[in-house]
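S.K.: Quick one: the structure is below, and I'll ask about it shortly.
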Amino acid sequence: MFGLSFRNFTAPWWFLLLIGVAAIIAGYIVVQRMRHRRTMRFTNLELLEKVVPKRQGWIRHVPAVVLVISLMLLTTAMAGPTDTQRVPRNRATVMLVIDVSLSMESTDVRPTRLKAAQTAAKDFATGLTPGINLGLISFAGTASVMVSPTTDRASVAKAIDNLRLAESTATGEAIFAALQSIEGFAQVVGGAQGAPPARVVLMTDGKQTVPTDDGDDPRGAFTAARKARDAKIPVSTISFGTMDGEVTIDGKSQPVPVDDDSMKQIAELSGGEFYKAASADELHRVYDTLGEQIGYETKDADASKPWLMLGTLAALLAAGSALLVGQRLP
């Protein structure tokens, strides 16, 4: 609290009052010296002992010192000190995008990748700060907007419970759908403040299969990531699962390893962050981290209250000590 510079004050010109405080200190010192000189003019020491009260030593200066401290604290409060604080966001949009391709049936993450993802995603949704508008998209061969951005967490949690597996993985379409949903919502709620900040949280376990070309296809994941960057909507990616994942399709076991490289590139191209989760616990930790990043922002907030409280308490202490030491107010 006390390690502040002038940049941390909204009205630093109030510190000019400290000149007056310095003048009070100087005046107090002068008065004390004049009083001492007048006392020493008494030539009759026996009479001096009778008319001059018994000295109280340094204690008699306590009220004045505490009063000066009070004035300094109150002056600091008037200068409008600020401090960097984490405060909940009161307007933002987040699209939670979850892969429901058949590979999510793998049991390398217990009980299955999808079940673990549903549990973690619901915790993320219910724990997100109330001012965030949260939407949900599921994707396999196509992308579906399950819930448009809303502050109603119950509807999002219910939609997460209703996720069902399907074939293929259209990662690019999922990102495009998220961007379109965010844009449509921003047009409705933008107002004079403009569009609220937005982010896409993409959780998937495998490589894009639709389109079959790489991510640079016009509807591919990398193209969508570049569009997200242009729209200033970062995509935070979560690569979920292990390299040992397998699923049984048409009676045959097929490997479904995670594709970390693609997820890293999507995050990098869009300006987002990449996270890897190889277990349910790791996925929960990733979502907790994202909740902290998304739900809160750092702002310079008013920090004058502690200074005002200390200044007021010091003023009361100065008055109390003056009555106790000198039987009068300073």
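By convention here, the chains of the structure tokens are called A, B, ... in the order presented, each chain's residues are numbered starting at 1, and ligands are numbered starting at 1 in the order presented.
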Per DSSP on the backbone, what are the alpha helix (DSSP H) residues of range 31-277 of chain A, as a ChimeraX atom specification?
M.R.: /A:31-40,45-51,62-78,113-127,153-161,171-189,221-230,260-270
S.K.: Based on DSSP run over this structure's backbone, return all residues of range 78-211 of chain A in strand (DSSP E or B), as JSON, numbers by chain.
M.R.: {"A": [81, 82, 83, 84, 85, 86, 87, 88, 92, 93, 94, 95, 96, 97, 98, 99, 101, 132, 133, 134, 135, 136, 137, 138, 139, 143, 144, 145, 146, 147, 148, 149, 150, 166, 198, 199, 200, 201, 202, 203, 204]}
S.K.: Just N, CA and C atoms for this one: save the residues we selected as a CSV table (one decimal), in the first residue's frame.
M.R.:
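File written: part.csv
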```csv
chain,number,residue,atom,x,y,z
A,81,PRO,N,-5.2,7.7,-4.3
A,81,PRO,CA,-4.4,6.5,-4.6
A,81,PRO,C,-5.1,5.4,-5.3
A,82,THR,N,-4.5,4.8,-6.2
A,82,THR,CA,-5.1,3.6,-7.0
A,82,THR,C,-4.2,2.4,-6.8
A,83,ASP,N,-4.7,1.2,-7.0
A,83,ASP,CA,-4.0,0.0,-6.9
A,83,ASP,C,-4.5,-1.0,-7.9
A,84,THR,N,-3.6,-1.8,-8.5
A,84,THR,CA,-4.0,-2.8,-9.5
A,84,THR,C,-4.7,-3.9,-8.8
A,85,GLN,N,-5.9,-4.2,-9.2
A,85,GLN,CA,-6.8,-5.2,-8.6
A,85,GLN,C,-7.4,-6.1,-9.6
A,86,ARG,N,-7.7,-7.3,-9.3
A,86,ARG,CA,-8.4,-8.2,-10.1
A,86,ARG,C,-9.9,-8.1,-9.8
A,87,VAL,N,-10.7,-7.7,-10.8
A,87,VAL,CA,-12.1,-7.5,-10.6
A,87,VAL,C,-12.8,-8.4,-11.7
A,88,PRO,N,-14.0,-8.9,-11.3
A,88,PRO,CA,-14.8,-9.7,-12.2
A,88,PRO,C,-15.2,-8.9,-13.5
A,92,ALA,N,-18.5,-9.8,-21.3
A,92,ALA,CA,-17.6,-10.6,-22.2
A,92,ALA,C,-18.4,-11.7,-22.7
A,93,THR,N,-17.9,-12.3,-23.8
A,93,THR,CA,-18.6,-13.4,-24.5
A,93,THR,C,-17.6,-14.5,-24.7
A,94,VAL,N,-18.0,-15.7,-24.3
A,94,VAL,CA,-17.1,-16.9,-24.4
A,94,VAL,C,-17.9,-18.0,-25.1
A,95,MET,N,-17.4,-18.6,-26.2
A,95,MET,CA,-18.0,-19.7,-26.8
A,95,MET,C,-17.2,-21.0,-26.5
A,96,LEU,N,-17.8,-21.9,-25.8
A,96,LEU,CA,-17.2,-23.2,-25.4
A,96,LEU,C,-17.5,-24.2,-26.5
A,97,VAL,N,-16.5,-24.7,-27.2
A,97,VAL,CA,-16.6,-25.5,-28.3
A,97,VAL,C,-16.0,-26.9,-28.0
A,98,ILE,N,-16.9,-28.0,-28.0
A,98,ILE,CA,-16.5,-29.3,-27.6
A,98,ILE,C,-16.6,-30.3,-28.7
A,99,ASP,N,-15.6,-31.1,-28.9
A,99,ASP,CA,-15.5,-32.2,-29.9
A,99,ASP,C,-16.4,-33.3,-29.4
A,101,SER,N,-16.7,-36.1,-31.6
A,101,SER,CA,-16.5,-37.1,-32.6
A,101,SER,C,-16.3,-38.5,-31.9
A,132,ILE,N,-20.2,-13.0,-17.5
A,132,ILE,CA,-19.8,-13.5,-18.8
A,132,ILE,C,-21.0,-14.2,-19.5
A,133,ASN,N,-21.1,-13.9,-20.8
A,133,ASN,CA,-22.1,-14.5,-21.6
A,133,ASN,C,-21.5,-15.8,-22.2
A,134,LEU,N,-22.0,-16.9,-21.9
A,134,LEU,CA,-21.4,-18.2,-22.3
A,134,LEU,C,-22.3,-18.9,-23.3
A,135,GLY,N,-21.7,-19.4,-24.4
A,135,GLY,CA,-22.4,-20.2,-25.4
A,135,GLY,C,-21.7,-21.5,-25.5
A,136,LEU,N,-22.4,-22.5,-26.2
A,136,LEU,CA,-21.9,-23.8,-26.4
A,136,LEU,C,-22.1,-24.3,-27.8
A,137,ILE,N,-21.0,-24.9,-28.3
A,137,ILE,CA,-21.1,-25.5,-29.7
A,137,ILE,C,-20.5,-26.9,-29.6
A,138,SER,N,-21.2,-27.8,-30.2
A,138,SER,CA,-20.6,-29.2,-30.3
A,138,SER,C,-20.3,-29.4,-31.8
A,139,PHE,N,-19.3,-30.2,-32.0
A,139,PHE,CA,-19.0,-30.5,-33.4
A,139,PHE,C,-18.4,-31.9,-33.6
A,143,ALA,N,-20.9,-28.6,-37.2
A,143,ALA,CA,-21.0,-27.9,-36.0
A,143,ALA,C,-22.4,-27.4,-35.7
A,144,SER,N,-22.8,-27.6,-34.4
A,144,SER,CA,-24.1,-27.2,-34.0
A,144,SER,C,-24.0,-26.2,-32.8
A,145,VAL,N,-24.7,-25.1,-32.9
A,145,VAL,CA,-24.8,-24.2,-31.8
A,145,VAL,C,-25.9,-24.7,-30.8
A,146,MET,N,-25.4,-25.2,-29.7
A,146,MET,CA,-26.3,-25.8,-28.7
A,146,MET,C,-27.0,-24.7,-27.9
A,147,VAL,N,-26.2,-23.7,-27.5
A,147,VAL,CA,-26.7,-22.6,-26.7
A,147,VAL,C,-26.0,-21.3,-27.2
A,148,SER,N,-26.8,-20.3,-27.5
A,148,SER,CA,-26.3,-19.0,-27.9
A,148,SER,C,-25.8,-18.3,-26.6
A,149,PRO,N,-24.9,-17.4,-26.7
A,149,PRO,CA,-24.3,-16.7,-25.5
A,149,PRO,C,-25.4,-16.2,-24.6
A,150,THR,N,-25.2,-16.6,-23.3
A,150,THR,CA,-26.2,-16.3,-22.3
A,150,THR,C,-25.6,-16.3,-20.9
A,166,ALA,N,-20.8,-38.4,-32.7
A,166,ALA,CA,-21.1,-38.5,-34.1
A,166,ALA,C,-19.8,-38.7,-34.8
A,198,ALA,N,-14.3,-11.0,-26.5
A,198,ALA,CA,-14.8,-12.4,-26.7
A,198,ALA,C,-13.6,-13.3,-26.8
A,199,ARG,N,-13.9,-14.6,-26.6
A,199,ARG,CA,-12.9,-15.7,-26.7
A,199,ARG,C,-13.6,-17.0,-27.0
A,200,VAL,N,-12.9,-17.8,-27.8
A,200,VAL,CA,-13.3,-19.2,-28.1
A,200,VAL,C,-12.5,-20.2,-27.3
A,201,VAL,N,-13.1,-21.1,-26.6
A,201,VAL,CA,-12.4,-22.2,-25.9
A,201,VAL,C,-12.7,-23.5,-26.6
A,202,LEU,N,-11.7,-24.0,-27.3
A,202,LEU,CA,-11.9,-25.2,-28.1
A,202,LEU,C,-11.3,-26.4,-27.5
A,203,MET,N,-12.1,-27.4,-27.2
A,203,MET,CA,-11.6,-28.7,-26.6
A,203,MET,C,-11.8,-29.8,-27.6
A,204,THR,N,-10.7,-30.4,-28.0
A,204,THR,CA,-10.8,-31.5,-29.0
A,204,THR,C,-9.7,-32.5,-28.7
```
S.K.: Counting only C-alpha atoms, what is within 10 Å of Glu167 in chain A, bar same-chain residues fewer than 6 positions away, as a list in words?
M.R.: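 Residues near the query, excluding close chain neighbours: Val100, Ser101, Leu102, Ser103, Phe139, Ala140, Gly141, Thr142 and Thr209 of chain A.
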S.K.: Counting only C-alpha atoms, which residues in range 31-148 of chain A sit no more than 6 Å from range 309-315 of chain A? For each one, give the nearest pair of atoms and the distance in Å, sorted by chain then residue number, as CSV.
M.R.:
```
residue,atom,partner,partner_atom,distance
A:Leu67,CA,A:Ala315,CA,5.8
A:Ser70,CA,A:Gly311,CA,4.5
A:Leu73,CA,A:Gly311,CA,4.8
A:Leu74,CA,A:Gly311,CA,5.0
```
S.K.: Excluding Ala225 in chain A and any residue of its chain fewer than 2 positions from it, enumerate the residues within 12 Å of it, using only C-alpha atoms, and give them as a PyMOL selection string.
M.R.: chain A and resi 171-179+199-200+202+215-223+227-237+262-272
S.K.: Excluding Val256 in chain A and any residue of its chain fewer than 3 positions from it, enumerate the residues within 7 Å of it, using only C-alpha atoms, and give them as a compact mmCIF listing (two decimals) with C-alpha atoms, in the first residue's frame.
M.R.:
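This is the output file result_30.txt:
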```txt
# COMPACT_ATOMS: atom_id res chain seq x y z
CA SER A 103 -12.79 -40.72 -30.80
CA GLY A 206 -8.03 -35.39 -32.57
CA GLY A 245 -6.32 -43.74 -27.04
CA GLU A 246 -8.30 -46.39 -28.95
CA VAL A 247 -11.94 -46.85 -29.99
```
S.K.: Kindly indicate which residue among A:Pro255, A:Gly127, A:Gly80, A:Pro196 lies nearest to Thr10 in chain A, using only C-alpha atoms for the distances.
M.R.: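 Using only C-alpha atoms, Thr10 in chain A sits closest to A:Gly80.
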S.K.: Quick one: of A:Ala303, A:Arg91, A:Trp14, A:Leu165, who's nearest to Ala186 in chain A, counting only C-alpha atoms?
M.R.: A:Arg91
S.K.: From the set A:Ser239, A:Gln293, A:Thr75, A:Ser304, which residue has the shortest atom-to-atom contact distance to Thr129 in chain A, counting only C-alpha atoms?
M.R.: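 The answer is A:Gln293, which sits nearest to Thr129 in chain A.
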S.K.: Using only C-alpha atoms, can you tell me which of A:Lys299, A:Lys207, A:Arg153, A:His284 comes closest to Pro130 in chain A?
M.R.: A:Arg153
